[in-house]
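Working notes, beginning with the structure itself.
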Amino acid sequence: MAGLDKRVASYEEALTGLSDDMTVLCGGFGLCGIPENLIAQIRRMGTRGLTVVSNNCGVDGFGLGILLEDRQIRKMISSYVGENALFEQQLLSGELEVDLTPQGTLAEKLRAGGAGIPAFYTATGFGTPVAEGKESRQFNGRDYILEEAISGDFALVKGWKADYYGNVIYRHTAQNFNPLVAMAGRITVVEVEEIVAPGELDPAHIHTPGIYVDRLIQGRFEKRIEKRTLKGA
């Protein structure tokens with residue numbers, strides 16, 4: 001990787017510097033738009049004690065769920081336990097620390113982290129366990145709680161196309177949390193399906209500008225379906 005060219009040659013190089021006890025931000029929603037190969041690389045590295053920020057934690061045996069199998073995640077900050085039985089089991093047993101956060105609040109925490117805003121007030125969660133231990137204040141007669149922004153040591157992002165400079169386009173709903181995560185990482189690593197030369201992407205279609213991206217790698221993806229329902233004959 002040299003100058004504005006963000007490409008790296010291997011997943012080992014893509015996650016160079018990731019070590020135990022770091023905070024990792026991970027894009028995706030369910031299994032849609034998850035950086036599955038970067039997650040698999042973390043498993044191969046055996047990195048432990050991680051705090052992972054993601055909407056959910058994959059499913060049993062895929063996505064972030066594989067990191068739960070090897071007890072590599074110490075804490076999850078997420079909004080949904082979802083379809084992952086092991087996640088639920090570790091949560092209920094106290095083995096895994098979990099900070100359940102309303103989905104919109106989680107998105108805004110990441111956006112604020114990327115924008116350099118340390119905290120913000122939101123009405124979401126006031127009067128519920130979400131507000132416990134947090135500062136509250138009234139604005140125009142309505143109660144709000146103070147939520148702190150989130151940033152991370154590494155941000156793992158899944159895109160569709162990118163150019164050498166790290167300008168990224170997401171495909172349809174796979175955009176989800178990825179642009180927010182990309183902004184909030186100290187080191188942002190993006191894996192994509194296709195890398196093209198600078199100038200081949202329409203600037204009006206760019207979702208994440210290359211200024212946010214530190215490393216870029218092209219991968220092959222399984223794109224597993226989280227739930228499949230078949231119509232009867």
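Chain labels A, B, ... are given in the sequence in which chains occur in the structure tokens; within each chain residues are numbered consecutively from 1, and ligands are likewise numbered from 1 in the order shown.
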Using only C-alpha atoms, which protein or nucleic acid residues come within 10 Å of segment 103-118 of chain A? Drop anything in the same chain fewer than 5 positions from it, and give the result as a list in words.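 After dropping sequence-adjacent residues, the list is Leu25, Val53, Ser54, Asn55, Asn56, Ile77, Ser78, Ser79, Tyr80, Ala123, Thr124, Gly125, Glu147, Glu148, Ala149, Ile150, Ser151, Gly152, Asn176, Phe177, Pro179, Leu180, Val181, Ala182, Met183, Ala184, Gly185, Arg186 and Tyr212 of chain A.
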All residues 9 Å or closer to segment 216-219 of chain A, only C-alpha atoms, same chain fewer than 3 positions away omitted, as a list of chain:residue names: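 With the cut-off at 9 Å, the set is A:Asp5, A:Lys6, A:Arg7, A:Val8, A:Ala9, A:Ser10, A:Tyr11, A:Ala14, A:Asn37, A:Ala162, A:Tyr164, A:Tyr165, A:Gly166, A:Thr188, A:Val189, A:Val190, A:Glu191, A:Val192, A:Glu193, A:Glu194, A:Ile195, A:Val213.
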Selection file, C-alpha atoms, as a PDB file, in the first residue's frame:
```pdb
ATOM      1  CA  ASP A   5      -3.651   3.443  -2.994  1.00  0.00           C
ATOM      2  CA  LYS A   6      -5.422   1.660  -0.097  1.00  0.00           C
ATOM      3  CA  ARG A   7      -5.145  -1.898  -1.454  1.00  0.00           C
ATOM      4  CA  VAL A   8      -3.517  -4.641   0.608  1.00  0.00           C
ATOM      5  CA  ALA A   9      -2.550  -8.078  -0.658  1.00  0.00           C
ATOM      6  CA  SER A  10      -3.788 -10.348   2.132  1.00  0.00           C
ATOM      7  CA  TYR A  11      -6.193 -10.567   5.045  1.00  0.00           C
ATOM      8  CA  ALA A  14      -5.540  -6.064   6.330  1.00  0.00           C
ATOM      9  CA  ASN A  37     -13.798 -12.716   5.638  1.00  0.00           C
ATOM     10  CA  ALA A 162     -14.392   0.456  -4.476  1.00  0.00           C
ATOM     11  CA  TYR A 164      -7.899   2.021  -5.393  1.00  0.00           C
ATOM     12  CA  TYR A 165      -8.348   5.171  -3.331  1.00  0.00           C
ATOM     13  CA  GLY A 166     -10.911   3.525  -1.036  1.00  0.00           C
ATOM     14  CA  THR A 188     -10.955   1.284   8.868  1.00  0.00           C
ATOM     15  CA  VAL A 189     -10.607  -1.878   6.801  1.00  0.00           C
ATOM     16  CA  VAL A 190     -12.990  -2.463   3.893  1.00  0.00           C
ATOM     17  CA  GLU A 191     -13.480  -5.694   1.972  1.00  0.00           C
ATOM     18  CA  VAL A 192     -15.328  -5.512  -1.339  1.00  0.00           C
ATOM     19  CA  GLU A 193     -16.438  -7.713  -4.205  1.00  0.00           C
ATOM     20  CA  GLU A 194     -14.719  -5.644  -6.872  1.00  0.00           C
ATOM     21  CA  ILE A 195     -11.922  -3.078  -6.981  1.00  0.00           C
ATOM     22  CA  VAL A 213     -10.648   4.128   4.536  1.00  0.00           C
TER      23      VAL A 213
END
```
What is the atom CA of Asp99 of chain A to atom CA of Arg44 of chain A distance in Å? 25.9 Å
Compare A:Gly33, A:Gly61, A:Pro203, A:Pro129 by their minimum atom-to-atom distance to Leu100 of chain A, counting only C-alpha atoms, and give me the closest one. A:Pro129
Pull the alpha helix (DSSP H) assignments for segment 1-227 of chain A out of DSSP run on the backbone, and list those residues as a VMD selection string. chain A and resid 11 to 14 36 to 45 65 to 69 85 to 93 103 to 115 178 to 183
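Among the candidate residues A:Leu146, A:Ala204, A:Ile42, A:Ala85, the one lying nearest to Ile73 of chain A is A:Ile42, with distances computed using only C-alpha atoms.
If you measure from each of A:Asp60, A:Asp202, A:Asp214, A:Asp70 to Leu86 of chain A using only C-alpha atoms, the closest one turns out to be A:Asp60.
Interatomic distance, atom CA of Leu67 of chain A to atom CA of Gln175 of chain A: 22.9 Å.
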Near Glu88 of chain A, counting only C-alpha atoms, which residues have an atom at most 12 Å away, once you skip same-chain residues fewer than 4 positions from it, shown as a list of chain:residue names? A:Asn56, A:Cys57, A:Gly58, A:Val59, A:Asp60, A:Gly65, A:Leu68, A:Met76, A:Tyr80, A:Val81, A:Gly82, A:Glu83, A:Asn84, A:Leu92, A:Ser93, A:Gly94, A:Glu95, A:Leu96, A:Glu97, A:Val98
Can you write out the residues you just picked, keeping N, CA and C atoms, as an mmCIF file, in the first residue's frame?
```cif
data_model
loop_
_atom_site.group_PDB
_atom_site.id
_atom_site.type_symbol
_atom_site.label_atom_id
_atom_site.label_comp_id
_atom_site.auth_asym_id
_atom_site.auth_seq_id
_atom_site.Cartn_x
_atom_site.Cartn_y
_atom_site.Cartn_z
ATOM 1 N N ASN A 56 -25.923 -6.829 15.673
ATOM 2 C CA ASN A 56 -26.166 -8.143 16.272
ATOM 3 C C ASN A 56 -24.870 -8.936 16.209
ATOM 4 N N CYS A 57 -24.937 -10.220 16.508
ATOM 5 C CA CYS A 57 -23.697 -11.004 16.597
ATOM 6 C C CYS A 57 -23.752 -12.219 15.675
ATOM 7 N N GLY A 58 -24.133 -11.991 14.425
ATOM 8 C CA GLY A 58 -24.168 -13.072 13.454
ATOM 9 C C GLY A 58 -25.170 -14.135 13.828
ATOM 10 N N VAL A 59 -24.901 -15.360 13.414
ATOM 11 C CA VAL A 59 -25.720 -16.516 13.775
ATOM 12 C C VAL A 59 -24.776 -17.605 14.251
ATOM 13 N N ASP A 60 -25.333 -18.665 14.785
ATOM 14 C CA ASP A 60 -24.485 -19.771 15.221
ATOM 15 C C ASP A 60 -23.669 -20.293 14.042
ATOM 16 N N GLY A 65 -20.713 -14.846 15.057
ATOM 17 C CA GLY A 65 -20.993 -16.021 15.876
ATOM 18 C C GLY A 65 -19.794 -16.942 16.030
ATOM 19 N N LEU A 68 -17.704 -16.079 19.052
ATOM 20 C CA LEU A 68 -18.267 -16.512 20.325
ATOM 21 C C LEU A 68 -17.853 -17.946 20.634
ATOM 22 N N MET A 76 -20.166 -7.375 24.029
ATOM 23 C CA MET A 76 -20.905 -6.973 22.829
ATOM 24 C C MET A 76 -21.717 -5.724 23.130
ATOM 25 N N TYR A 80 -29.532 -6.275 19.242
ATOM 26 C CA TYR A 80 -30.376 -7.417 18.917
ATOM 27 C C TYR A 80 -29.618 -8.713 19.190
ATOM 28 N N VAL A 81 -30.202 -9.575 20.034
ATOM 29 C CA VAL A 81 -29.621 -10.894 20.262
ATOM 30 C C VAL A 81 -29.940 -11.804 19.084
ATOM 31 N N GLY A 82 -31.154 -11.727 18.588
ATOM 32 C CA GLY A 82 -31.527 -12.356 17.329
ATOM 33 C C GLY A 82 -31.513 -13.866 17.318
ATOM 34 N N GLU A 83 -30.937 -14.420 16.240
ATOM 35 C CA GLU A 83 -31.038 -15.850 15.973
ATOM 36 C C GLU A 83 -29.868 -16.650 16.535
ATOM 37 N N ASN A 84 -29.040 -16.047 17.340
ATOM 38 C CA ASN A 84 -27.822 -16.697 17.796
ATOM 39 C C ASN A 84 -28.023 -17.302 19.180
ATOM 40 N N LEU A 92 -27.025 -14.950 29.157
ATOM 41 C CA LEU A 92 -27.778 -15.352 30.337
ATOM 42 C C LEU A 92 -26.885 -15.942 31.422
ATOM 43 N N SER A 93 -25.783 -16.576 31.005
ATOM 44 C CA SER A 93 -24.872 -17.178 31.978
ATOM 45 C C SER A 93 -23.930 -16.161 32.605
ATOM 46 N N GLY A 94 -23.865 -14.966 32.031
ATOM 47 C CA GLY A 94 -22.949 -13.944 32.524
ATOM 48 C C GLY A 94 -21.546 -14.079 31.982
ATOM 49 N N GLU A 95 -21.346 -15.033 31.088
ATOM 50 C CA GLU A 95 -20.026 -15.242 30.495
ATOM 51 C C GLU A 95 -19.658 -14.108 29.541
ATOM 52 N N LEU A 96 -20.670 -13.547 28.901
ATOM 53 C CA LEU A 96 -20.476 -12.474 27.928
ATOM 54 C C LEU A 96 -21.147 -11.214 28.435
ATOM 55 N N GLU A 97 -20.383 -10.124 28.507
ATOM 56 C CA GLU A 97 -20.964 -8.839 28.880
ATOM 57 C C GLU A 97 -21.660 -8.248 27.658
ATOM 58 N N VAL A 98 -22.915 -7.831 27.848
ATOM 59 C CA VAL A 98 -23.692 -7.302 26.727
ATOM 60 C C VAL A 98 -24.321 -5.976 27.116
#
```
From a DSSP calculation on the backbone, collect every residue of segment 1-174 of chain A in strand (DSSP E or B) and output the set as a VMD selection string. chain A and resid 2 5 7 23 to 26 29 32 50 to 53 59 62 73 to 78 97 to 100 119 to 122 136 to 139 142 to 148 152 to 158 161 to 163 168 to 169
Quick check, in Å to one decimal: how far apart do atom CA of Phe87 of chain A and atom CA of Asp21 of chain A lie?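 If I compute the distance from atom CA of Phe87 of chain A to atom CA of Asp21 of chain A, I get 18.9 Å.
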Might you pull out every residue within 8 Å of segment 222-228 of chain A, with only C-alpha atoms counted and same-chain residues fewer than 4 positions away left off, and present them as number ranges by chain? A: 30-32, 59
